[in-house]
>>> print(open('target.cif').read())   # mmCIF, C-alpha atoms and all ligand atoms
data_protein
loop_
_atom_site.label_atom_id
_atom_site.label_comp_id
_atom_site.auth_asym_id
_atom_site.auth_seq_id
_atom_site.Cartn_x
_atom_site.Cartn_y
_atom_site.Cartn_z
CA MET I 1 -23.53 -8.94 18.67
CA GLN I 2 -21.49 -11.83 19.97
CA ASN I 3 -21.51 -11.12 23.69
CA THR I 4 -22.78 -8.66 26.22
CA GLN I 5 -19.52 -6.66 26.20
CA ALA I 6 -20.40 -5.60 22.67
CA THR I 7 -22.95 -3.13 23.95
CA SER I 8 -20.12 -1.24 25.67
CA ILE I 9 -18.73 -0.11 22.33
CA GLN I 10 -22.05 0.24 20.50
CA HIS I 11 -21.83 3.99 19.89
CA GLN I 12 -18.07 4.30 20.10
CA ALA I 13 -15.22 5.04 17.73
CA GLY I 14 -12.00 3.05 18.17
CA ILE I 15 -8.60 2.72 16.53
CA GLY I 16 -6.41 -0.05 15.22
CA LEU I 17 -3.68 -0.83 17.74
CA ARG I 18 -0.25 -0.37 16.15
CA SER I 19 3.03 -1.47 17.70
CA GLN I 20 4.48 2.07 17.49
CA HIS I 21 1.88 3.29 19.98
CA ILE I 22 1.61 0.44 22.47
CA ASN I 23 4.01 1.71 25.12
CA GLN I 24 2.59 5.23 24.94
CA ILE I 25 -0.94 3.87 25.33
CA LEU I 26 -0.13 1.56 28.22
CA ASP I 27 2.23 3.92 30.09
CA ASN I 28 -0.20 6.82 29.93
CA GLU I 29 -3.40 4.78 30.25
CA ILE I 30 -4.77 6.48 27.14
CA ALA I 31 -8.56 6.43 27.08
CA VAL I 32 -9.76 4.66 23.94
CA PRO I 33 -13.18 2.95 23.93
CA TRP I 34 -11.89 -0.09 22.05
CA PHE I 35 -9.08 -1.36 19.86
CA GLU I 36 -9.06 -3.55 16.80
CA LEU I 37 -6.12 -5.94 16.59
CA LEU I 38 -4.75 -7.12 13.28
CA VAL I 39 -4.90 -10.64 14.61
CA ASP I 40 -2.25 -12.03 12.24
CA ASN I 41 0.31 -9.98 14.22
CA TRP I 42 -0.83 -11.38 17.58
CA LEU I 43 -0.78 -15.15 17.12
CA ALA I 44 2.51 -15.86 18.91
CA ASP I 45 2.17 -18.20 21.89
CA GLY I 46 4.57 -16.42 24.20
CA GLY I 47 7.14 -13.68 24.47
CA LEU I 48 6.59 -9.95 24.48
CA THR I 49 3.65 -10.17 22.07
CA ARG I 50 1.67 -12.34 24.46
CA ARG I 51 2.58 -10.18 27.47
CA TYR I 52 1.35 -7.05 25.69
CA LEU I 53 -1.78 -8.89 24.61
CA ASP I 54 -2.56 -9.87 28.19
CA VAL I 55 -2.27 -6.28 29.44
CA ILE I 56 -4.31 -4.86 26.57
CA THR I 57 -6.98 -7.53 27.05
CA GLU I 58 -7.25 -6.58 30.71
CA ARG I 59 -7.73 -2.87 29.99
CA TYR I 60 -9.69 -2.53 26.74
CA PRO I 61 -12.51 -4.13 24.75
CA LEU I 62 -11.03 -5.72 21.61
CA THR I 63 -12.07 -6.90 18.19
CA LEU I 64 -9.95 -9.14 15.96
CA HIS I 65 -9.45 -8.41 12.27
CA GLY I 66 -7.71 -10.88 9.95
CA VAL I 67 -6.00 -10.69 6.57
CA GLY I 68 -4.61 -14.23 6.27
CA LEU I 69 -7.57 -16.52 5.66
CA SER I 70 -8.11 -16.09 1.89
CA LEU I 71 -11.80 -16.61 2.53
CA GLY I 72 -12.71 -16.54 -1.17
CA GLY I 73 -9.75 -18.61 -2.33
CA THR I 74 -9.87 -22.09 -3.81
CA GLU I 75 -7.19 -23.65 -1.59
CA PRO I 76 -8.58 -25.59 1.40
CA LEU I 77 -9.14 -23.48 4.48
CA ASP I 78 -6.18 -23.59 6.87
CA PHE I 79 -7.66 -25.00 10.07
CA SER I 80 -4.38 -24.78 11.98
CA TYR I 81 -4.50 -21.01 11.34
CA LEU I 82 -8.16 -20.94 12.34
CA GLN I 83 -7.34 -22.82 15.55
CA LYS I 84 -4.94 -20.00 16.46
CA ILE I 85 -7.70 -17.48 15.74
CA LYS I 86 -10.06 -19.48 17.93
CA ASP I 87 -7.52 -19.64 20.76
CA THR I 88 -6.92 -15.88 20.51
CA LEU I 89 -10.65 -15.17 20.55
CA GLN I 90 -10.97 -17.18 23.75
CA HIS I 91 -7.81 -15.76 25.30
CA THR I 92 -8.79 -12.13 24.71
CA ASP I 93 -12.57 -12.47 24.98
CA ALA I 94 -12.63 -10.36 21.81
CA LEU I 95 -16.04 -9.19 20.68
CA TRP I 96 -15.72 -10.65 17.21
CA TYR I 97 -13.44 -11.81 14.42
CA SER I 98 -13.66 -10.35 10.94
CA GLU I 99 -12.15 -11.13 7.54
CA HIS I 100 -12.31 -9.78 4.02
CA LEU I 101 -14.52 -10.84 1.16
CA CYS I 102 -11.58 -11.58 -1.10
CA PHE I 103 -8.85 -14.08 -1.92
CA SER I 104 -5.12 -13.73 -1.31
CA GLN I 105 -3.78 -17.19 -2.14
CA LEU I 106 -3.63 -19.08 -5.44
CA GLN I 107 -1.92 -22.47 -5.14
CA SER I 108 1.45 -21.72 -3.50
CA HIS I 109 1.33 -18.02 -4.35
CA PHE I 110 0.38 -15.51 -1.66
CA SER I 111 -0.63 -11.94 -2.43
CA HIS I 112 -0.12 -9.04 -0.06
CA ASP I 113 -3.17 -7.48 -1.69
CA LEU I 114 -6.70 -8.50 -0.87
CA LEU I 115 -7.95 -9.49 -4.31
CA PRO I 116 -11.60 -9.06 -5.26
CA LEU I 117 -13.88 -11.91 -6.30
CA PRO I 118 -16.06 -12.04 -9.43
CA TYR I 119 -19.65 -11.17 -8.56
CA THR I 120 -21.19 -14.46 -9.75
CA GLU I 121 -23.53 -17.09 -8.33
CA GLU I 122 -20.68 -19.62 -8.52
CA ALA I 123 -18.49 -17.43 -6.30
CA ILE I 124 -21.38 -16.89 -3.89
CA THR I 125 -21.92 -20.64 -3.46
CA HIS I 126 -18.20 -21.14 -2.93
CA VAL I 127 -17.76 -18.36 -0.35
CA VAL I 128 -20.94 -19.15 1.56
CA GLU I 129 -19.76 -22.72 2.09
CA ARG I 130 -16.40 -21.50 3.37
CA ILE I 131 -17.91 -18.90 5.71
CA GLN I 132 -20.18 -21.60 7.13
CA GLN I 133 -17.15 -23.85 7.69
CA VAL I 134 -15.36 -21.04 9.52
CA GLN I 135 -18.39 -20.17 11.64
CA ASP I 136 -18.99 -23.83 12.51
CA PHE I 137 -15.34 -24.23 13.51
CA LEU I 138 -15.24 -21.05 15.60
CA GLY I 139 -18.69 -21.62 17.04
CA ARG I 140 -19.78 -18.05 16.30
CA GLN I 141 -20.77 -15.69 13.51
CA ILE I 142 -17.98 -13.80 11.78
CA LEU I 143 -18.00 -10.40 10.09
CA ILE I 144 -17.00 -10.09 6.44
CA GLU I 145 -15.75 -6.86 4.91
CA ASN I 146 -16.12 -5.34 1.44
CA VAL I 147 -12.76 -4.64 -0.22
CA SER I 148 -11.39 -1.98 -2.53
CA ALA I 149 -10.70 -3.19 -6.07
CA TYR I 150 -8.52 -2.05 -8.95
CA LEU I 151 -10.03 -4.33 -11.56
CA GLU I 152 -13.44 -5.62 -12.51
CA TYR I 153 -14.24 -9.07 -13.92
CA GLN I 154 -16.04 -9.53 -17.21
CA HIS I 155 -17.73 -12.53 -15.55
CA SER I 156 -19.44 -10.44 -12.88
CA ARG I 157 -23.22 -10.63 -13.21
CA LEU I 158 -24.22 -8.82 -10.03
CA SER I 159 -23.51 -5.51 -8.35
CA GLU I 160 -21.17 -5.49 -5.36
CA SER I 161 -24.07 -4.94 -2.97
CA GLU I 162 -26.09 -7.79 -4.50
CA PHE I 163 -23.04 -10.05 -4.16
CA ILE I 164 -22.47 -9.15 -0.51
CA THR I 165 -26.17 -9.38 0.36
CA GLU I 166 -26.63 -12.85 -1.12
CA ILE I 167 -23.55 -14.11 0.72
CA ALA I 168 -24.45 -12.56 4.07
CA ASP I 169 -28.03 -13.84 3.92
CA ALA I 170 -27.07 -17.37 2.84
CA ALA I 171 -24.17 -17.72 5.30
CA ASP I 172 -26.00 -15.81 8.03
CA CYS I 173 -22.89 -13.81 8.85
CA LYS I 174 -22.41 -10.20 9.91
CA LEU I 175 -20.75 -7.34 8.01
CA ILE I 176 -18.06 -4.72 8.37
CA LEU I 177 -19.02 -1.88 6.10
CA ASP I 178 -15.81 -0.20 4.95
CA VAL I 179 -17.03 3.21 3.80
CA ASN I 180 -13.64 4.16 2.39
CA ASN I 181 -13.51 1.02 0.23
CA PHE I 182 -16.89 1.84 -1.32
CA TYR I 183 -15.68 5.41 -1.90
CA VAL I 184 -12.44 4.21 -3.51
CA ASN I 185 -14.43 1.90 -5.80
CA GLN I 186 -16.73 4.79 -6.67
CA ILE I 187 -13.80 6.89 -7.86
CA ASN I 188 -12.00 4.07 -9.66
CA HIS I 189 -15.00 2.32 -11.22
CA LYS I 190 -17.68 5.04 -11.26
CA HIS I 191 -20.07 3.03 -9.08
CA ASP I 192 -22.35 5.09 -6.88
CA ALA I 193 -21.14 4.28 -3.37
CA LEU I 194 -24.26 5.44 -1.53
CA THR I 195 -26.52 3.43 -3.85
CA GLU I 196 -24.41 0.35 -3.11
CA ILE I 197 -24.52 0.96 0.65
CA GLN I 198 -28.27 1.59 0.59
CA ALA I 199 -28.77 -1.82 -1.06
CA LEU I 200 -26.89 -3.74 1.65
CA PRO I 201 -28.62 -5.61 4.49
CA ASN I 202 -27.71 -2.83 6.91
CA GLU I 203 -29.18 -4.70 9.87
CA ARG I 204 -26.21 -7.08 9.53
CA VAL I 205 -23.61 -4.28 9.83
CA GLU I 206 -21.82 -4.60 13.17
CA GLU I 207 -18.87 -2.31 12.46
CA ILE I 208 -17.81 0.49 10.11
CA HIS I 209 -14.28 1.11 8.84
CA LEU I 210 -12.91 4.50 7.86
CA ALA I 211 -9.49 5.12 6.34
CA GLY I 212 -7.52 7.50 4.17
CA PHE I 213 -6.58 6.79 0.57
CA ALA I 214 -3.70 7.95 -1.63
CA ASP I 215 -4.76 10.17 -4.53
CA LYS I 216 -2.88 9.21 -7.71
CA GLY I 217 -4.67 11.66 -9.99
CA GLU I 218 -6.66 9.43 -12.35
CA TYR I 219 -7.28 6.85 -9.64
CA VAL I 220 -6.93 6.40 -5.88
CA VAL I 221 -5.26 3.67 -3.82
CA ASP I 222 -6.70 2.35 -0.58
CA ALA I 223 -3.39 2.93 1.16
CA HIS I 224 -4.55 3.61 4.74
CA ASN I 225 -1.84 6.26 4.93
CA ASN I 226 -3.76 9.53 5.20
CA PRO I 227 -6.51 11.24 7.16
CA VAL I 228 -10.03 10.26 6.12
CA ALA I 229 -11.10 12.33 3.09
CA GLN I 230 -14.06 14.71 3.40
CA GLY I 231 -15.97 12.74 0.77
CA VAL I 232 -15.65 9.65 2.96
CA TRP I 233 -16.84 11.55 6.04
CA ASP I 234 -19.87 12.73 4.06
CA LEU I 235 -20.60 9.17 2.95
CA TYR I 236 -20.14 7.98 6.55
CA GLU I 237 -22.73 10.50 7.74
CA GLU I 238 -25.24 9.12 5.23
CA THR I 239 -24.30 5.54 6.13
CA LEU I 240 -25.07 6.08 9.83
CA LYS I 241 -28.65 6.94 8.86
CA LEU I 242 -28.93 3.41 7.45
CA THR I 243 -26.95 1.37 9.96
CA GLY I 244 -27.46 3.33 13.15
CA PRO I 245 -24.48 4.27 15.33
CA VAL I 246 -22.42 1.08 15.04
CA PRO I 247 -18.83 0.88 16.33
CA THR I 248 -16.54 2.73 13.95
CA LEU I 249 -12.84 2.12 13.43
CA ILE I 250 -10.14 4.41 12.10
CA GLU I 251 -7.71 2.26 10.07
CA TRP I 252 -4.25 3.75 9.55
CA ASP I 253 -1.66 1.12 8.56
CA ASN I 254 1.03 2.92 6.54
CA ASP I 255 3.01 6.10 7.23
CA ILE I 256 1.59 5.72 10.73
CA PRO I 257 1.34 9.12 12.43
CA GLU I 258 1.82 10.20 16.03
CA LEU I 259 -0.84 8.79 18.32
CA ASP I 260 -2.40 12.24 18.83
CA ILE I 261 -3.24 12.49 15.13
CA LEU I 262 -4.84 9.06 15.15
CA LEU I 263 -6.83 9.93 18.28
CA ALA I 264 -8.02 13.16 16.64
CA GLU I 265 -9.41 11.14 13.72
CA LYS I 266 -11.10 8.84 16.23
CA ASP I 267 -12.60 11.88 17.99
CA LYS I 268 -13.88 13.18 14.67
CA ALA I 269 -15.65 9.87 14.03
CA GLN I 270 -17.06 10.05 17.57
CA ASN I 271 -18.47 13.50 16.81
CA TYR I 272 -20.31 12.09 13.79
CA LEU I 273 -21.69 9.28 15.96
CA ASN I 274 -22.76 11.74 18.67
CA THR I 275 -24.41 14.06 16.15
CA HIS I 276 -26.28 11.13 14.64
CA LEU I 277 -27.49 10.09 18.10
CA THR I 278 -28.60 13.64 18.95
CA ASN I 279 -30.46 14.02 15.64
CA THR I 280 -32.16 10.65 16.10
CA LYS I 281 -33.31 11.57 19.61
CA GLN I 282 -34.70 14.91 18.40
CA GLN I 283 -36.63 13.19 15.61
CA CYS I 284 -38.11 10.76 18.16
CA ALA I 285 -39.03 13.52 20.66
FE FE K 301 -11.26 -1.93 6.29
#
>>> encode(input="target.cif", output="structure tokens")
Amino acid sequence: MQNTQATSIQHQAGIGLRSQHINQILDNEIAVPWFELLVDNWLADGGLTRRYLDVITERYPLTLHGVGLSLGGTEPLDFSYLQKIKDTLQHTDALWYSEHLCFSQLQSHFSHDLLPLPYTEEAITHVVERIQQVQDFLGRQILIENVSAYLEYQHSRLSESEFITEIADAADCKLILDVNNFYVNQINHKHDALTEIQALPNERVEEIHLAGFADKGEYVVDAHNNPVAQGVWDLYEETLKLTGPVPTLIEWDNDIPELDILLAEKDKAQNYLNTHLTNTKQQCA
């Protein structure tokens, strides 16, 4: 954990803050244990964005989640972008900053998708060096997140969990474990998601992500546009036995529903966390 505030959300489920819900949340003082901000949307220096950010910072614990770094890319890291992240971390006293284990830029081309990396030693060396640069610049550990993938590389020599583990250990960073992404990869690539999760360094997991996918019949898309599927809830229940009750986020980024629906998903995650805590206490008694 990065600071003492982190303990306040240790066993808590939160939601991603979306612009559609901000006024409703602030006007009604909606009780949510914590919010995750898609930090790329909150980097403006002034204006309404900054005013909202100040109020939210005052009322709620926050985490920052990024999509713009292209952590696994081959272009030089953008330190002007990272300076904005650093400023926002300081301004909000956010608990941590996370990014994806992927690339999204190739030369002057930018992808809206978070593209997977080949699971090779060469990629590990490359990404570890870049994570260390980011952590040195920010002066703190970051969290990296496993991504969903719609292709596999012939060059890959490792499993996804071996790839993540080697990177996390060498860079000494933390992890977001996105249960839905492992589940999506299980369906699309026939990997066993629980086996992959069991092989991770679960002591490094600081946060869990849950989301809903779009079922396309022969494959699924990590669209973040639906309630969490029962198969993902089941996998989440097993994951908590490995990680303990770490902060859990409901991600819903497309076809965003009414706030009540999002809060109900958050409450469902909280029930899983509470049940895990109760079961653990009974086993210890
Ligand atoms: Fe995620």
>>> atom_distance(input="target.cif", atom1="atom CA of I:Val32", atom2="atom CA of I:Tyr60")
7.7 Å
>>> closest_residue(input="target.cif", among="I:Val246, I:Glu237, I:Leu194, I:Ser161", to="I:Tyr272", atoms="only C-alpha atoms")
I:Glu237
>>> residues_near_ligand(input="target.cif", ligand="ligand FE 301 (chain K)", cutoff="12 Å", atoms="all atoms listed in the file", output="VMD selection string")
chain I and resid 15 to 16 36 38 65 to 67 98 to 101 114 143 to 148 175 to 184 207 to 213 222 to 224 248 to 253
>>> atom_distance(input="target.cif", atom1="atom CA of I:Asn271", atom2="atom CA of I:Pro33")
13.8 Å
>>> closest_residue(input="target.cif", among="I:Pro76, I:Pro201, I:Gly139, I:Pro118", to="I:Ser159", atoms="only C-alpha atoms")
I:Pro118
>>> closest_residue(input="target.cif", among="I:Val232, I:Ile256, I:Leu242, I:Leu62", to="I:Thr280", atoms="only C-alpha atoms")
I:Leu242
>>> residues_around(input="target.cif", residues="I:Thr278", least_positions_apart="5", cutoff="12 Å", atoms="all atoms listed in the file", output="PyMOL selection string")
chain I and resi 11+244-245+271-273+283-285
>>> residues_around(input="target.cif", residues="I:Cys173", least_positions_apart="3", cutoff="12 Å", atoms="only C-alpha atoms", output="MDAnalysis selection string")
chainID I and resid 1:2 96:99 101 127:136 140:145 164:170 176 201 203:206
>>> atom_distance(input="target.cif", atom1="atom CA of I:Ser70", atom2="atom CA of I:Phe163")
17.2 Å
>>> closest_residue(input="target.cif", among="I:Ala149, I:Lys266, I:Leu43, I:Thr57", to="I:Ala13", atoms="all atoms listed in the file")
I:Lys266
>>> closest_residue(input="target.cif", among="I:Arg50, I:His109, I:Lys84, I:His276", to="I:Thr243", atoms="all atoms listed in the file")
I:His276
>>> closest_residue(input="target.cif", among="I:Arg59, I:Arg51, I:Arg18, I:His91", to="I:Ile30", atoms="all atoms listed in the file")
I:Arg59
>>> decode(input="target.cif", residues="stretch 66-179 of chain I", atoms="C-alpha atoms", output="compact mmCIF listing (two decimals), in the first residue's frame")
# COMPACT_ATOMS: atom_id res chain seq x y z
CA GLY I 66 -4.43 5.23 -16.82
CA VAL I 67 -4.78 4.09 -20.42
CA GLY I 68 -2.40 6.49 -22.17
CA LEU I 69 1.12 5.43 -21.24
CA SER I 70 1.73 2.55 -23.69
CA LEU I 71 3.86 0.95 -21.01
CA GLY I 72 4.95 -1.93 -23.24
CA GLY I 73 5.49 0.17 -26.35
CA THR I 74 8.79 0.90 -28.06
CA GLU I 75 8.38 4.68 -28.31
CA PRO I 76 10.14 6.64 -25.54
CA LEU I 77 8.02 7.17 -22.45
CA ASP I 78 6.21 10.51 -22.50
CA PHE I 79 7.52 12.28 -19.40
CA SER I 80 5.36 15.36 -19.94
CA TYR I 81 2.34 13.04 -19.65
CA LEU I 82 3.88 11.39 -16.60
CA GLN I 83 4.47 14.80 -15.02
CA LYS I 84 0.72 15.44 -15.29
CA ILE I 85 0.07 12.07 -13.65
CA LYS I 86 2.51 12.96 -10.90
CA ASP I 87 0.86 16.34 -10.35
CA THR I 88 -2.58 14.71 -10.20
CA LEU I 89 -1.37 12.11 -7.73
CA GLN I 90 -0.11 14.88 -5.47
CA HIS I 91 -3.17 17.08 -5.98
CA THR I 92 -5.66 14.33 -5.15
CA ASP I 93 -3.57 12.35 -2.66
CA ALA I 94 -4.73 9.31 -4.65
CA LEU I 95 -3.84 5.95 -3.17
CA TRP I 96 -2.09 4.71 -6.28
CA TYR I 97 -1.68 4.95 -10.04
CA SER I 98 -2.16 1.94 -12.27
CA GLU I 99 -1.58 1.14 -15.94
CA HIS I 100 -1.98 -1.80 -18.28
CA LEU I 101 0.55 -4.40 -19.28
CA CYS I 102 0.17 -3.64 -22.97
CA PHE I 103 1.11 -1.25 -25.75
CA SER I 104 -1.13 1.24 -27.53
CA GLN I 105 1.32 3.24 -29.65
CA LEU I 106 3.48 2.23 -32.61
CA GLN I 107 5.46 5.12 -34.07
CA SER I 108 2.87 7.83 -34.77
CA HIS I 109 -0.06 5.41 -34.66
CA PHE I 110 -2.24 5.26 -31.55
CA SER I 111 -4.64 2.41 -30.85
CA HIS I 112 -7.81 2.76 -28.81
CA ASP I 113 -7.33 -0.87 -27.87
CA LEU I 114 -4.89 -2.02 -25.24
CA LEU I 115 -2.77 -4.43 -27.28
CA PRO I 116 -1.17 -7.47 -25.65
CA LEU I 117 2.57 -8.11 -25.56
CA PRO I 118 4.35 -11.32 -26.61
CA TYR I 119 5.20 -13.40 -23.55
CA THR I 120 8.98 -13.46 -24.12
CA GLU I 121 12.09 -12.72 -22.08
CA GLU I 122 12.88 -9.85 -24.46
CA ALA I 123 9.52 -8.21 -23.73
CA ILE I 124 10.02 -8.76 -20.00
CA THR I 125 13.39 -6.97 -20.04
CA HIS I 126 11.89 -4.12 -22.03
CA VAL I 127 8.82 -3.62 -19.83
CA VAL I 128 10.69 -4.00 -16.55
CA GLU I 129 13.04 -1.19 -17.53
CA ARG I 130 10.12 1.06 -18.42
CA ILE I 131 8.19 0.30 -15.22
CA GLN I 132 11.34 1.12 -13.23
CA GLN I 133 11.65 4.43 -15.11
CA VAL I 134 8.04 5.28 -14.30
CA GLN I 135 8.38 4.31 -10.64
CA ASP I 136 11.62 6.28 -10.29
CA PHE I 137 9.98 9.33 -11.87
CA LEU I 138 6.82 9.12 -9.75
CA GLY I 139 8.73 8.18 -6.61
CA ARG I 140 6.37 5.30 -5.84
CA GLN I 141 5.37 1.81 -6.91
CA ILE I 142 2.74 1.52 -9.60
CA LEU I 143 0.17 -1.21 -10.24
CA ILE I 144 0.12 -3.02 -13.58
CA GLU I 145 -2.95 -4.79 -14.92
CA ASN I 146 -3.40 -7.92 -17.05
CA VAL I 147 -5.33 -7.24 -20.26
CA SER I 148 -7.82 -9.12 -22.38
CA ALA I 149 -6.44 -10.31 -25.73
CA TYR I 150 -7.94 -11.31 -29.06
CA LEU I 151 -4.76 -12.74 -30.54
CA GLU I 152 -1.81 -14.78 -29.38
CA TYR I 153 1.78 -14.45 -30.61
CA GLN I 154 3.68 -17.36 -32.08
CA HIS I 155 6.75 -15.89 -30.33
CA SER I 156 5.30 -16.30 -26.84
CA ARG I 157 7.37 -18.73 -24.78
CA LEU I 158 5.72 -18.26 -21.41
CA SER I 159 2.24 -18.42 -19.95
CA GLU I 160 0.50 -15.14 -19.11
CA SER I 161 1.00 -15.71 -15.40
CA GLU I 162 4.71 -16.49 -15.84
CA PHE I 163 5.07 -13.31 -17.90
CA ILE I 164 3.32 -11.13 -15.30
CA THR I 165 5.17 -12.74 -12.38
CA GLU I 166 8.63 -12.23 -13.87
CA ILE I 167 7.84 -8.59 -14.62
CA ALA I 168 6.32 -7.83 -11.22
CA ASP I 169 9.19 -9.48 -9.35
CA ALA I 170 11.93 -7.83 -11.43
CA ALA I 171 10.34 -4.36 -11.42
CA ASP I 172 9.09 -4.72 -7.85
CA CYS I 173 5.70 -3.30 -8.79
CA LYS I 174 2.20 -4.12 -7.60
CA LEU I 175 -0.69 -5.69 -9.54
CA ILE I 176 -4.30 -5.11 -10.45
CA LEU I 177 -5.81 -8.50 -11.05
CA ASP I 178 -8.59 -8.08 -13.60
CA VAL I 179 -10.67 -11.21 -13.09
